[in-house]
Amino acid sequence: GLGTAGFTMQDILLEPYGAEILHLSVSETTALTALFAAGSLAGFAISARRLGKGSDPYRVAALGALAGLIAFSAVIFSAPLMSPLLFRVGTTLIGFGGGLFAVGTLTAAMGLAQNGENGLALGAWGAVQATAAGLAIAGGGAIRDVMSALAANGHLGVALANPSTGYSIVYHIEIGLLFATLA
């Protein structure tokens with residue numbers, strides 16, 4: 001649940017971040033979905049290959065979380081560097097890490113099933129994923145809105161009176177959640 005929240009808080013924020021902070025056009029922000037999806041597909045393919053060769057599903061999921069740490073760092077640094085390329089790389093890596101993480105955790109959940117109770121294991125995994133994702137998406141949007149308002153009104157200090165502050169706080173929380181997942 002922590003890892004899923006770590007990967008999904010940004011779900012509704014990436015495109016507005018690209019437009020508002022990096023001044024990307026509508027077509028450029030829409031293309032982010034393709035980059036995210038391409039990263040996810042690559043993560044699925046690599047996890048399938050690694051798991052097919054006997055890799056531990058928890059290690060595959062951990063590799064995804066590590067990729068997520070790099071991804072969110074790239075997204076955060078894209079604002080002060082005004083680098084749409086770094087932002088695109090980060091977006092692709094979020095998809096990649098999320099793909100590895102999802103397949104790794106799903107495979108691990110199926111490995112926990114005993115006496116043919118795969119349906120129960122998959123149902124529990126799906127319920128945790130759906131709940132964590134829903135709460136994270138809603139929370140990510142709310143945190144961004146509240147923190148951006150505080151920053152815009154100068155309540156967070158001069159250094160944080162920036163339009164990217166609310167987004168950056170969410171991305172930092174996601175990094176924290178991914179570290180907690182790894183622990």
# chains A, B, ... in the order shown; residues from 1 in each chain; ligands from 1
>>> residues_around(residues="Thr105 in chain A", least_positions_apart="2", cutoff="7 Å", atoms="only C-alpha atoms", output="PyMOL selection string")
chain A and resi 57-58+61+101-103+107-109
>>> write_last_selection(atoms="C-alpha atoms", output="PDB file, in the first residue's frame")
ATOM      1  CA  PRO A  57       9.428 -10.822  -6.626  1.00  0.00           C
ATOM      2  CA  TYR A  58      10.230  -8.662  -3.592  1.00  0.00           C
ATOM      3  CA  ALA A  61       9.352  -4.629  -6.485  1.00  0.00           C
ATOM      4  CA  PHE A 101       6.654  -2.558  -8.501  1.00  0.00           C
ATOM      5  CA  ALA A 102       3.167  -3.656  -9.573  1.00  0.00           C
ATOM      6  CA  VAL A 103       4.297  -6.929 -11.144  1.00  0.00           C
ATOM      7  CA  THR A 107       3.647 -11.983  -7.981  1.00  0.00           C
ATOM      8  CA  ALA A 108       4.611 -11.844  -4.296  1.00  0.00           C
ATOM      9  CA  ALA A 109       0.925 -11.774  -3.298  1.00  0.00           C
TER      10      ALA A 109
END
>>> closest_residue(among="A:Tyr167, A:Gln10, A:Gly64, A:Ala45", to="Leu182 in chain A", atoms="only C-alpha atoms")
A:Gly64
>>> select_by_dssp(residues="range 2-179 of chain A", states="alpha helix (DSSP H)", output="PyMOL selection string")
chain A and resi 2-8+14-20+26-52+57-81+84-112+118-152+165-179
>>> residues_around(residues="range 153-165 of chain A", least_positions_apart="5", cutoff="12 Å", atoms="only C-alpha atoms", output="list in words")
Leu13, Leu14, Pro16, Tyr17, Gly18, Ala19, Glu20, Ile21, Leu22, His23, Val75, Ile76, Phe77, Ser78, Ala79, Pro80, Met82, Ile143, Arg144, Asp145, Val146, Met147, Ser148, Val170, Tyr171 and His172 of chain A
>>> write_last_selection(atoms="C-alpha atoms", output="PDB file, in the first residue's frame")
ATOM      1  CA  LEU A  13      -0.360  16.342 -10.953  1.00  0.00           C
ATOM      2  CA  LEU A  14       2.155  15.539 -13.688  1.00  0.00           C
ATOM      3  CA  PRO A  16      -0.554  20.398 -14.647  1.00  0.00           C
ATOM      4  CA  TYR A  17       3.033  20.537 -13.334  1.00  0.00           C
ATOM      5  CA  GLY A  18       4.375  20.345 -16.883  1.00  0.00           C
ATOM      6  CA  ALA A  19       2.023  23.090 -18.041  1.00  0.00           C
ATOM      7  CA  GLU A  20       2.188  25.456 -15.068  1.00  0.00           C
ATOM      8  CA  ILE A  21       5.821  25.064 -14.037  1.00  0.00           C
ATOM      9  CA  LEU A  22       7.651  24.081 -17.241  1.00  0.00           C
ATOM     10  CA  HIS A  23       5.269  25.888 -19.628  1.00  0.00           C
ATOM     11  CA  VAL A  75      10.809  15.509 -11.659  1.00  0.00           C
ATOM     12  CA  ILE A  76      11.639  17.710  -8.656  1.00  0.00           C
ATOM     13  CA  PHE A  77      14.885  18.973 -10.186  1.00  0.00           C
ATOM     14  CA  SER A  78      13.238  19.694 -13.534  1.00  0.00           C
ATOM     15  CA  ALA A  79      11.615  22.847 -12.055  1.00  0.00           C
ATOM     16  CA  PRO A  80      14.679  24.729 -10.782  1.00  0.00           C
ATOM     17  CA  MET A  82      13.666  24.467 -16.145  1.00  0.00           C
ATOM     18  CA  ILE A 143      -1.835  18.527  -0.427  1.00  0.00           C
ATOM     19  CA  ARG A 144      -0.763  20.319  -3.604  1.00  0.00           C
ATOM     20  CA  ASP A 145      -3.680  22.736  -3.376  1.00  0.00           C
ATOM     21  CA  VAL A 146      -3.196  23.542   0.315  1.00  0.00           C
ATOM     22  CA  MET A 147       0.579  23.867   0.151  1.00  0.00           C
ATOM     23  CA  SER A 148       0.469  25.944  -3.042  1.00  0.00           C
ATOM     24  CA  VAL A 170       3.861  15.989  -2.948  1.00  0.00           C
ATOM     25  CA  TYR A 171       6.838  14.557  -4.865  1.00  0.00           C
ATOM     26  CA  HIS A 172       8.941  14.654  -1.690  1.00  0.00           C
TER      27      HIS A 172
END
>>> atom_distance(atom1="CA of Ile12 in chain A", atom2="CA of Gly139 in chain A")
10.5 Å
>>> closest_residue(among="A:Phe7, A:Trp125, A:Phe87, A:Phe44", to="Leu177 in chain A", atoms="only C-alpha atoms")
A:Phe7
